[in-house]
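Next up, input-v4.tsv (TSV, C-alpha atoms):
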```tsv
chain	number	residue	atom	x	y	z
A	1	MET	CA	15.57	3.62	20.96
A	2	ASN	CA	14.13	2.47	24.29
A	3	TYR	CA	12.16	-0.72	24.84
A	4	LYS	CA	8.74	0.98	24.84
A	5	ARG	CA	9.35	2.74	21.53
A	6	ALA	CA	10.83	-0.39	19.94
A	7	LEU	CA	7.77	-2.36	21.01
A	8	GLN	CA	5.43	0.28	19.60
A	9	ILE	CA	7.01	0.44	16.14
A	10	THR	CA	7.47	-3.35	15.89
A	11	PHE	CA	3.82	-4.12	16.45
A	12	LEU	CA	2.74	-1.10	14.43
A	13	ILE	CA	4.65	-2.58	11.48
A	14	LEU	CA	3.12	-6.02	11.98
A	15	ALA	CA	-0.39	-4.61	12.28
A	16	ALA	CA	0.06	-2.29	9.30
A	17	GLU	CA	0.95	-5.09	6.91
A	18	ILE	CA	-1.09	-8.00	8.15
A	19	ILE	CA	-4.36	-6.06	7.99
A	20	TYR	CA	-3.85	-5.53	4.23
A	21	ALA	CA	-2.60	-9.08	3.59
A	22	LEU	CA	-6.15	-10.42	3.34
A	23	PRO	CA	-7.56	-8.02	0.71
A	24	PHE	CA	-4.33	-7.20	-1.16
A	25	VAL	CA	-0.97	-8.79	-0.35
A	26	LEU	CA	-1.95	-12.44	-0.82
A	27	VAL	CA	-3.65	-11.69	-4.14
A	28	ARG	CA	-0.61	-9.70	-5.32
A	29	ILE	CA	1.83	-12.51	-4.55
A	30	PHE	CA	-0.32	-15.43	-5.74
A	31	ARG	CA	-2.37	-13.71	-8.45
A	32	PRO	CA	-2.10	-16.36	-11.25
A	33	THR	CA	-2.68	-19.23	-8.80
A	34	PHE	CA	-5.44	-17.30	-7.05
A	35	LEU	CA	-7.37	-16.58	-10.27
A	36	SER	CA	-7.05	-20.16	-11.53
A	37	ALA	CA	-7.91	-21.91	-8.29
A	38	PHE	CA	-11.10	-19.97	-7.58
A	39	ASP	CA	-12.32	-19.44	-11.17
A	40	ILE	CA	-12.03	-15.67	-10.81
A	41	THR	CA	-11.17	-13.44	-13.76
A	42	ASN	CA	-9.09	-10.28	-13.76
A	43	ARG	CA	-12.32	-8.37	-14.26
A	44	ASP	CA	-13.88	-10.03	-11.18
A	45	ILE	CA	-10.99	-9.16	-8.88
A	46	GLY	CA	-10.86	-5.72	-10.50
A	47	PHE	CA	-14.49	-5.16	-9.55
A	48	CYS	CA	-13.70	-6.26	-5.99
A	49	TYR	CA	-11.06	-3.54	-5.86
A	50	THR	CA	-13.51	-1.04	-7.35
A	51	LEU	CA	-16.04	-1.75	-4.60
A	52	TYR	CA	-13.25	-1.51	-2.04
A	53	GLY	CA	-12.18	1.83	-3.50
A	54	ILE	CA	-15.69	3.29	-3.52
A	55	THR	CA	-16.09	2.30	0.12
A	56	GLY	CA	-12.65	3.77	0.75
A	57	MET	CA	-13.68	7.19	-0.60
A	58	ILE	CA	-16.11	7.48	2.29
A	59	SER	CA	-13.92	5.67	4.79
A	60	TYR	CA	-10.77	7.75	4.25
A	61	PHE	CA	-12.62	10.96	4.98
A	62	LEU	CA	-14.58	9.73	8.00
A	63	GLY	CA	-11.58	7.84	9.34
A	64	GLY	CA	-9.43	10.96	9.24
A	65	LEU	CA	-11.95	12.86	11.36
A	66	ILE	CA	-12.20	9.99	13.86
A	67	ALA	CA	-8.41	9.71	14.16
A	68	ASP	CA	-8.16	13.24	15.54
A	69	LYS	CA	-10.80	12.57	18.20
A	70	TYR	CA	-9.98	9.14	19.63
A	71	PRO	CA	-6.82	7.25	20.74
A	72	THR	CA	-5.19	5.55	17.77
A	73	LYS	CA	-4.49	2.16	19.32
A	74	TYR	CA	-8.16	1.47	20.10
A	75	LEU	CA	-9.22	2.32	16.56
A	76	MET	CA	-6.51	0.09	15.09
A	77	GLY	CA	-7.28	-2.80	17.45
A	78	ILE	CA	-10.96	-2.80	16.50
A	79	ALA	CA	-10.03	-2.57	12.81
A	80	LEU	CA	-7.74	-5.61	13.00
A	81	PHE	CA	-10.34	-7.72	14.81
A	82	LEU	CA	-13.12	-6.92	12.34
A	83	THR	CA	-10.83	-7.50	9.35
A	84	SER	CA	-9.88	-10.96	10.62
A	85	ILE	CA	-13.57	-11.93	10.71
A	86	GLY	CA	-13.68	-11.24	6.97
A	87	GLY	CA	-10.70	-13.52	6.49
A	88	PHE	CA	-12.51	-16.41	8.16
A	89	THR	CA	-15.39	-15.82	5.74
A	90	TRP	CA	-12.94	-16.18	2.86
A	91	VAL	CA	-11.81	-19.60	4.11
A	92	MET	CA	-15.37	-20.87	3.52
A	93	TYR	CA	-14.81	-20.28	-0.23
A	94	PRO	CA	-17.51	-17.61	-0.74
A	95	SER	CA	-19.45	-17.08	-3.94
A	96	LEU	CA	-18.49	-14.17	-6.18
A	97	SER	CA	-21.35	-12.01	-4.87
A	98	THR	CA	-20.25	-12.73	-1.29
A	99	LEU	CA	-16.69	-11.83	-2.28
A	100	TYR	CA	-17.96	-8.47	-3.53
A	101	MET	CA	-19.65	-7.84	-0.18
A	102	LEU	CA	-16.49	-8.91	1.62
A	103	TYR	CA	-14.41	-6.27	-0.17
A	104	ILE	CA	-16.97	-3.59	0.73
A	105	TYR	CA	-16.74	-4.73	4.35
A	106	TRP	CA	-12.93	-4.66	4.23
A	107	GLY	CA	-13.10	-1.15	2.78
A	108	PHE	CA	-14.61	0.02	6.06
A	109	THR	CA	-12.53	-2.07	8.46
A	110	THR	CA	-9.10	-1.51	6.91
A	111	ILE	CA	-9.54	2.17	6.02
A	112	MET	CA	-12.05	4.00	8.20
A	113	LEU	CA	-10.79	2.51	11.45
A	114	PHE	CA	-7.15	1.94	10.57
A	115	TRP	CA	-5.49	4.05	7.86
A	116	SER	CA	-5.46	7.57	9.34
A	117	PRO	CA	-4.76	6.28	12.89
A	118	LEU	CA	-1.77	4.36	11.44
A	119	ILE	CA	-0.28	7.44	9.78
A	120	LYS	CA	-0.94	9.61	12.83
A	121	ALA	CA	0.60	7.03	15.18
A	122	THR	CA	3.70	6.82	12.97
A	123	ARG	CA	4.06	10.59	12.85
A	124	LEU	CA	3.71	10.81	16.63
A	125	TRP	CA	6.25	8.04	17.08
A	126	GLY	CA	8.75	9.64	14.69
A	127	GLY	CA	8.79	13.15	16.16
A	128	ASN	CA	11.40	15.17	14.27
A	129	LYS	CA	12.71	12.02	12.50
A	130	GLN	CA	9.90	11.48	10.03
A	131	ILE	CA	11.91	9.77	7.27
A	132	PHE	CA	13.28	7.38	9.88
A	133	ALA	CA	9.77	6.61	11.19
A	134	PHE	CA	8.11	6.10	7.82
A	135	GLY	CA	11.18	4.32	6.46
A	136	ILE	CA	11.04	1.77	9.26
A	137	LEU	CA	7.27	1.43	8.89
A	138	GLU	CA	7.34	0.85	5.13
A	139	GLY	CA	10.49	-1.27	5.20
A	140	GLY	CA	9.13	-3.38	8.02
A	141	ARG	CA	5.83	-3.81	6.20
A	142	GLY	CA	7.73	-5.00	3.15
A	143	LEU	CA	9.61	-7.56	5.21
A	144	VAL	CA	6.39	-8.86	6.77
A	145	ALA	CA	4.78	-9.13	3.32
A	146	ALA	CA	7.79	-11.03	2.03
A	147	ILE	CA	7.68	-13.45	4.96
A	148	ILE	CA	3.95	-14.01	4.41
A	149	GLY	CA	4.67	-14.72	0.75
A	150	THR	CA	7.50	-17.09	1.61
A	151	ILE	CA	5.29	-19.06	3.99
A	152	GLY	CA	2.54	-19.17	1.37
A	153	VAL	CA	4.89	-20.46	-1.32
A	154	TYR	CA	6.13	-23.12	1.09
A	155	ILE	CA	2.58	-24.25	1.87
A	156	ILE	CA	1.65	-24.51	-1.80
A	157	SER	CA	4.91	-26.27	-2.67
A	158	SER	CA	4.57	-28.76	0.16
A	159	ILE	CA	1.03	-29.74	-0.79
A	160	SER	CA	1.35	-30.09	-4.55
A	161	SER	CA	4.04	-30.78	-7.08
A	162	VAL	CA	5.11	-28.22	-9.67
A	163	ASP	CA	3.73	-30.32	-12.51
A	164	ASN	CA	0.41	-31.31	-10.97
A	165	PHE	CA	-1.48	-28.32	-9.63
A	166	SER	CA	-5.04	-29.71	-9.35
A	167	LYS	CA	-7.67	-27.09	-8.63
A	168	VAL	CA	-8.95	-28.72	-5.42
A	169	VAL	CA	-5.45	-29.09	-4.00
A	170	ILE	CA	-4.58	-25.46	-4.73
A	171	GLN	CA	-7.89	-24.26	-3.26
A	172	ASN	CA	-7.07	-26.12	-0.06
A	173	ALA	CA	-3.56	-24.65	-0.02
A	174	MET	CA	-4.84	-21.09	-0.54
A	175	ASN	CA	-7.45	-21.60	2.17
A	176	GLN	CA	-4.70	-22.60	4.59
A	177	VAL	CA	-2.82	-19.40	3.75
A	178	TYR	CA	-5.96	-17.30	4.39
A	179	LEU	CA	-6.78	-19.18	7.60
A	180	ILE	CA	-3.31	-18.63	9.06
A	181	THR	CA	-3.36	-14.97	8.04
A	182	SER	CA	-6.81	-14.45	9.60
A	183	ILE	CA	-5.69	-15.99	12.90
A	184	LEU	CA	-2.58	-13.81	13.00
A	185	THR	CA	-4.68	-10.71	12.22
A	186	MET	CA	-7.01	-11.45	15.14
A	187	LEU	CA	-4.05	-12.08	17.44
A	188	MET	CA	-2.53	-8.76	16.41
A	189	ALA	CA	-5.78	-6.97	17.32
A	190	PHE	CA	-5.41	-7.94	20.97
A	191	ILE	CA	-1.69	-7.16	21.04
A	192	VAL	CA	-2.22	-3.62	19.71
A	193	LEU	CA	-4.83	-2.93	22.40
A	194	PHE	CA	-2.22	-3.62	25.10
A	195	LEU	CA	0.52	-1.46	23.57
A	196	PRO	CA	1.60	1.81	25.22
A	197	ASP	CA	-0.64	4.48	23.67
A	198	PHE	CA	0.73	6.52	20.78
A	199	SER	CA	-1.51	9.51	21.46
A	200	LYS	CA	-1.24	10.22	25.19
A	201	SER	CA	0.38	13.56	24.42
A	202	PRO	CA	-2.16	16.38	24.91
A	203	ARG	CA	-1.18	17.76	21.49
A	204	ALA	CA	-2.36	14.57	19.78
A	205	ILE	CA	-6.12	14.91	20.30
A	206	SER	CA	-7.90	17.84	18.68
A	207	LYS	CA	-10.17	20.01	20.80
A	208	SER	CA	-11.53	21.91	17.81
A	209	SER	CA	-14.74	21.09	15.97
A	210	ILE	CA	-14.63	18.77	12.97
A	211	ARG	CA	-15.71	21.59	10.67
A	212	ARG	CA	-12.89	23.82	11.87
A	213	ASN	CA	-10.33	21.03	11.41
A	214	ILE	CA	-11.48	20.47	7.82
A	215	LYS	CA	-11.32	24.19	7.03
A	216	LYS	CA	-7.86	24.47	8.54
A	217	ALA	CA	-6.59	21.41	6.66
A	218	LEU	CA	-7.83	22.67	3.29
A	219	GLY	CA	-6.03	25.96	3.89
A	220	TYR	CA	-2.61	24.33	3.43
A	221	PRO	CA	-1.48	24.33	-0.25
A	222	VAL	CA	0.53	21.14	0.36
A	223	VAL	CA	-2.72	19.24	0.88
A	224	TRP	CA	-3.75	19.82	-2.74
A	225	ILE	CA	-0.34	18.94	-4.19
A	226	LEU	CA	-0.08	15.89	-1.96
A	227	MET	CA	-3.33	14.56	-3.39
A	228	ILE	CA	-1.72	14.41	-6.85
A	229	ILE	CA	1.55	12.98	-5.55
A	230	ILE	CA	-0.17	10.15	-3.66
A	231	PHE	CA	-2.60	9.47	-6.51
A	232	THR	CA	0.14	9.01	-9.10
A	233	SER	CA	2.51	7.10	-6.83
A	234	TYR	CA	-0.31	4.77	-5.81
A	235	VAL	CA	-1.03	4.02	-9.45
A	236	GLY	CA	2.57	2.83	-9.76
A	237	TYR	CA	2.30	0.75	-6.59
A	238	ARG	CA	-0.95	-0.87	-7.72
A	239	VAL	CA	0.32	-1.58	-11.24
A	240	ALA	CA	2.88	-3.79	-9.48
A	241	ASP	CA	-0.05	-6.12	-8.66
A	242	ILE	CA	0.11	-7.46	-12.22
A	243	PHE	CA	3.87	-8.06	-12.37
A	244	THR	CA	3.65	-11.74	-11.37
A	245	GLN	CA	0.88	-12.30	-13.89
A	246	TYR	CA	2.95	-10.48	-16.54
A	247	ALA	CA	5.84	-12.83	-15.86
A	248	SER	CA	3.47	-15.79	-16.17
A	249	GLU	CA	1.65	-14.81	-19.36
A	250	ILE	CA	4.41	-13.05	-21.30
A	251	TYR	CA	7.57	-14.78	-20.03
A	252	GLY	CA	6.13	-18.22	-19.38
A	253	TYR	CA	6.64	-18.48	-15.62
A	254	ASN	CA	4.57	-21.24	-14.01
A	255	SER	CA	2.44	-20.67	-10.90
A	256	LYS	CA	5.19	-21.49	-8.44
A	257	GLU	CA	7.81	-19.43	-10.29
A	258	SER	CA	5.56	-16.37	-10.54
A	259	ALA	CA	4.71	-16.62	-6.83
A	260	GLU	CA	8.40	-16.93	-6.00
A	261	LEU	CA	9.12	-13.86	-8.17
A	262	GLY	CA	6.50	-11.88	-6.26
A	263	THR	CA	8.04	-12.98	-2.98
A	264	TYR	CA	11.58	-12.11	-4.08
A	265	PHE	CA	10.51	-8.62	-5.03
A	266	SER	CA	8.75	-8.25	-1.69
A	267	TYR	CA	12.20	-8.53	-0.11
A	268	LEU	CA	13.30	-5.61	-2.29
A	269	ARG	CA	10.86	-3.35	-0.44
A	270	PRO	CA	12.59	-3.29	2.99
A	271	ILE	CA	16.00	-2.93	1.32
A	272	ILE	CA	14.87	0.12	-0.69
A	273	CYS	CA	13.19	1.67	2.35
A	274	MET	CA	16.35	1.38	4.43
A	275	LEU	CA	18.45	2.85	1.61
A	276	VAL	CA	16.05	5.77	1.31
A	277	PHE	CA	16.39	6.43	5.02
A	278	PHE	CA	20.17	6.21	4.84
A	279	PHE	CA	20.56	8.58	1.90
A	280	ALA	CA	17.59	10.92	2.47
A	281	LYS	CA	17.61	11.32	6.26
A	282	ASN	CA	19.44	14.66	6.17
A	283	SER	CA	17.79	16.08	3.04
A	284	ASN	CA	14.39	17.38	2.02
A	285	PRO	CA	11.85	14.62	1.32
A	286	SER	CA	10.57	16.58	-1.67
A	287	LYS	CA	13.87	16.04	-3.53
A	288	TRP	CA	13.53	12.31	-3.15
A	289	LEU	CA	9.96	12.39	-4.40
A	290	ILE	CA	11.43	13.59	-7.71
A	291	ILE	CA	13.88	10.67	-7.72
A	292	GLY	CA	11.11	8.18	-6.98
A	293	PHE	CA	8.90	9.39	-9.83
A	294	SER	CA	11.90	9.44	-12.17
A	295	MET	CA	12.55	5.76	-11.44
A	296	MET	CA	8.90	4.87	-12.08
A	297	THR	CA	8.97	6.84	-15.34
A	298	LEU	CA	12.06	4.95	-16.45
A	299	GLY	CA	10.51	1.61	-15.55
A	300	SER	CA	7.30	2.33	-17.46
A	301	LEU	CA	9.26	3.38	-20.56
A	302	LEU	CA	11.28	0.15	-20.47
A	303	PHE	CA	8.09	-1.88	-20.14
A	304	ILE	CA	6.42	-0.09	-23.07
A	305	PHE	CA	9.30	-0.55	-25.48
A	306	ASN	CA	10.39	-3.91	-23.99
A	307	ILE	CA	14.02	-2.79	-24.18
A	308	ASP	CA	16.30	-5.77	-23.66
A	309	PHE	CA	19.46	-5.27	-21.60
A	310	LEU	CA	21.74	-8.33	-21.51
A	311	ASN	CA	18.70	-10.58	-22.08
A	312	ILE	CA	17.11	-9.57	-18.76
A	313	SER	CA	14.35	-7.36	-20.16
A	314	LEU	CA	11.90	-8.37	-17.42
A	315	LEU	CA	14.22	-7.69	-14.49
A	316	ILE	CA	15.30	-4.09	-15.15
A	317	PRO	CA	11.86	-2.45	-15.61
A	318	LEU	CA	10.52	-4.42	-12.65
A	319	VAL	CA	13.33	-3.27	-10.37
A	320	SER	CA	13.22	0.34	-11.60
A	321	SER	CA	9.44	0.58	-11.14
A	322	LEU	CA	9.50	-1.01	-7.69
A	323	ILE	CA	12.38	1.17	-6.50
A	324	GLY	CA	10.35	4.22	-7.48
A	325	ALA	CA	7.12	2.98	-5.91
A	326	TYR	CA	8.74	1.94	-2.62
A	327	THR	CA	10.73	5.18	-2.38
A	328	LEU	CA	7.57	7.23	-2.76
A	329	ARG	CA	5.68	5.19	-0.15
A	330	VAL	CA	8.35	6.05	2.42
A	331	LEU	CA	8.25	9.75	1.67
A	332	TYR	CA	4.88	11.16	0.76
A	333	PHE	CA	3.53	11.47	4.31
A	334	THR	CA	6.84	12.80	5.66
A	335	VAL	CA	6.09	16.08	3.87
A	336	LEU	CA	3.40	16.77	6.51
A	337	GLU	CA	6.20	17.61	8.93
A	338	GLN	CA	8.13	19.49	6.24
A	339	ALA	CA	5.01	21.57	5.53
A	340	LYS	CA	4.47	22.18	9.28
A	341	ILE	CA	1.03	20.56	9.44
A	342	PRO	CA	-0.13	20.53	13.11
A	343	ILE	CA	-0.28	17.12	14.80
A	344	THR	CA	-3.84	17.77	15.95
A	345	ILE	CA	-5.18	17.77	12.38
A	346	THR	CA	-2.94	15.00	11.01
A	347	GLY	CA	-5.83	12.55	10.77
A	348	THR	CA	-8.04	15.09	9.02
A	349	VAL	CA	-5.33	15.96	6.48
A	350	VAL	CA	-4.53	12.28	5.84
A	351	GLY	CA	-8.23	11.54	5.39
A	352	ILE	CA	-8.73	14.39	2.92
A	353	VAL	CA	-5.69	13.66	0.74
A	354	SER	CA	-6.40	9.93	0.82
A	355	VAL	CA	-9.89	10.38	-0.67
A	356	ILE	CA	-8.29	11.48	-3.95
A	357	GLY	CA	-4.85	9.97	-3.46
A	358	PHE	CA	-6.05	6.38	-3.14
A	359	SER	CA	-9.01	6.67	-5.52
A	360	PRO	CA	-7.20	4.45	-8.08
A	361	ASP	CA	-8.65	1.61	-5.99
A	362	ILE	CA	-11.97	2.48	-7.64
A	363	PHE	CA	-11.01	2.28	-11.29
A	364	LEU	CA	-7.56	0.73	-11.67
A	365	GLY	CA	-8.67	-2.84	-11.03
A	366	ALA	CA	-11.42	-2.46	-13.63
A	367	ILE	CA	-8.94	-1.01	-16.15
A	368	GLU	CA	-6.52	-3.87	-15.52
A	369	GLY	CA	-9.33	-6.38	-15.87
A	370	TYR	CA	-10.45	-4.92	-19.21
A	371	TYR	CA	-7.04	-4.79	-20.83
A	372	LEU	CA	-5.88	-8.16	-19.50
A	373	ASP	CA	-9.10	-10.07	-20.22
A	374	GLU	CA	-10.60	-8.28	-23.24
A	375	VAL	CA	-7.53	-6.97	-25.09
A	376	GLY	CA	-5.17	-9.58	-23.71
A	377	GLY	CA	-1.61	-10.55	-24.54
A	378	ALA	CA	1.35	-8.23	-24.82
A	379	VAL	CA	-0.82	-5.45	-26.30
A	380	GLY	CA	-3.06	-5.35	-23.23
A	381	TYR	CA	-0.06	-5.03	-20.96
A	382	GLN	CA	1.42	-2.32	-23.17
A	383	TYR	CA	-1.71	-0.18	-22.81
A	384	LEU	CA	-1.48	-0.53	-19.03
A	385	PHE	CA	2.16	0.50	-19.06
A	386	ILE	CA	1.33	3.58	-21.16
A	387	PHE	CA	-1.19	4.55	-18.47
A	388	PHE	CA	1.55	3.93	-15.90
A	389	LEU	CA	3.91	6.24	-17.81
A	390	VAL	CA	1.42	9.12	-18.03
A	391	SER	CA	0.66	8.85	-14.32
A	392	SER	CA	4.38	8.81	-13.43
A	393	LEU	CA	5.05	11.93	-15.51
A	394	ILE	CA	2.19	13.81	-13.80
A	395	GLY	CA	3.56	12.79	-10.41
A	396	LEU	CA	7.03	13.89	-11.41
A	397	LEU	CA	5.71	17.32	-12.38
A	398	ALA	CA	3.74	17.64	-9.12
A	399	SER	CA	6.81	16.72	-7.03
A	400	ILE	CA	8.91	19.31	-8.88
A	401	VAL	CA	6.25	21.96	-8.18
A	402	PHE	CA	6.17	20.99	-4.51
A	403	ASN	CA	9.96	21.02	-4.20
A	404	ASN	CA	10.13	24.48	-5.79
A	405	SER	CA	7.41	25.79	-3.47
A	406	VAL	CA	9.37	24.54	-0.43
A	407	LYS	CA	12.50	26.30	-1.70
A	408	THR	CA	10.56	29.52	-2.28
A	409	LYS	CA	9.05	29.39	1.22
A	410	LYS	CA	12.48	28.84	2.79
A	411	ARG	CA	13.96	31.78	0.90
A	412	THR	CA	11.05	33.97	2.03
A	413	LEU	CA	11.50	32.99	5.67
A	414	THR	CA	15.29	33.58	5.66
A	415	SER	CA	15.20	36.87	3.75
```

Let me see the file written as structure tokens.
Amino acid sequence: MNYKRALQITFLILAAEIIYALPFVLVRIFRPTFLSAFDITNRDIGFCYTLYGITGMISYFLGGLIADKYPTKYLMGIALFLTSIGGFTWVMYPSLSTLYMLYIYWGFTTIMLFWSPLIKATRLWGGNKQIFAFGILEGGRGLVAAIIGTIGVYIISSISSVDNFSKVVIQNAMNQVYLITSILTMLMAFIVLFLPDFSKSPRAISKSSIRRNIKKALGYPVVWILMIIIFTSYVGYRVADIFTQYASEIYGYNSKESAELGTYFSYLRPIICMLVFFFAKNSNPSKWLIIGFSMMTLGSLLFIFNIDFLNISLLIPLVSSLIGAYTLRVLYFTVLEQAKIPITITGTVVGIVSVIGFSPDIFLGAIEGYYLDEVGGAVGYQYLFIFFLVSSLIGLLASIVFNNSVKTKKRTLTS
């Protein structure tokens, strides 16, 4: 890997994770502390995610079309800058209604201007080594998230003692975390603008009309199956948002311990991504989709029945679920190359499948809020894990169908 390519993927990784730290990563790692410090309920943050998801439905589609018409680095640079502005708003401790508006705003900045350009840039960078490219991207993102979490835990720990978490002190600590993250996001915006362009190749920018690109994209059967695969895998990834809170409410972890648990499992992400690359690099991605959904299915079953292995009943379902979720995040966009989707319509395809694939942002937060706040206790979590199980089984079936269709196509071409 030469210096230019190493520089591209390094800053692509940093940009790809830090832009989502403000709306998602920090809340995921510090969820119990976050909710307590700012007097926000699970339902409130769930509604924030719903608004974000509704905005995303529009943004995914429009962003995909834009990504095929303009250089990716300029779109991503603008997205990072605008997202950081939202982070500075957060530091001023906004009201709940302002927080709702902020998540709508972030829905546009982090999705319409960033998501499809990110996937297209990664595909262009990877060439014929798609699992390597997406493995490095996802693994690197996991490492960045873990480092952010580690710094955040250190800030909170250095400001307050474990036994005396006053609300004002924790608010100040969380504001410092958001301030630092916002500054880094803005800095990354300017760095990305000066990177060597990902899309200088003449095959990267589409010359066709938007309508023709959409029609061409919808003509690929993989697009429809990929919608289901991403939808169900994303449910599993988003359910992981409640794991730290689950440890706190059901297993008695305090705020610091639950945050540390979230950080520890963030370090699992890059390890899993690198293992996926090592074992799957010479095989079909579709086979590993089946493995990923199988691991999520196992994890959800263990959660539902609370099966205790060697008195570590929390650890095993957590690890199994996260292994499945992280494996799938490496792989689901690598099938674009396996299905021979042209580079020139990558953004359009990503935009179309993302509209449905990431739609859990609309309703999953609200579902989590209802079961955790209204039903509550172990029963509320059990209902969520049943939903997780059903979703994982549907994804498993879809990945089997896709894998069989790839086999059939190969046999047809070689016969």

Which residues, written as a list in words, have at least one atom at most 7 Å from Ala146 of chain A, with all atoms listed in the file counted and residues fewer than 5 positions away on the same chain left out?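 Result of the neighbour search: Thr263, Ser266 and Tyr267 of chain A.
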
Given all atoms listed in the file as the counted atoms, nearest of A:Val177, A:Leu226, A:Val355, A:Met186 to Val401 of chain A: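 Closest to Val401 of chain A of all the choices is A:Leu226.
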
I'd like to know which of A:Tyr383, A:Phe108, A:Trp125, A:Phe279 is closest to Ile291 of chain A, using all atoms listed in the file.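 Of A:Tyr383, A:Phe108, A:Trp125, A:Phe279, the one nearest Ile291 of chain A, counting all atoms listed in the file, is A:Phe279.
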
Rounded to one decimal, what separation in Å do you get between atom CA of Ala259 of chain A and atom CA of Leu184 of chain A?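 Atom CA of Leu184 of chain A lies at a distance of 21.3 Å from atom CA of Ala259 of chain A.
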
Counting all atoms listed in the file, which of A:Met188, A:Met101, A:Ala339, A:Ile272 gets nearest to Ile323 of chain A?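 Comparing A:Met188, A:Met101, A:Ala339, A:Ile272 against Ile323 of chain A, the winner is A:Ile272.
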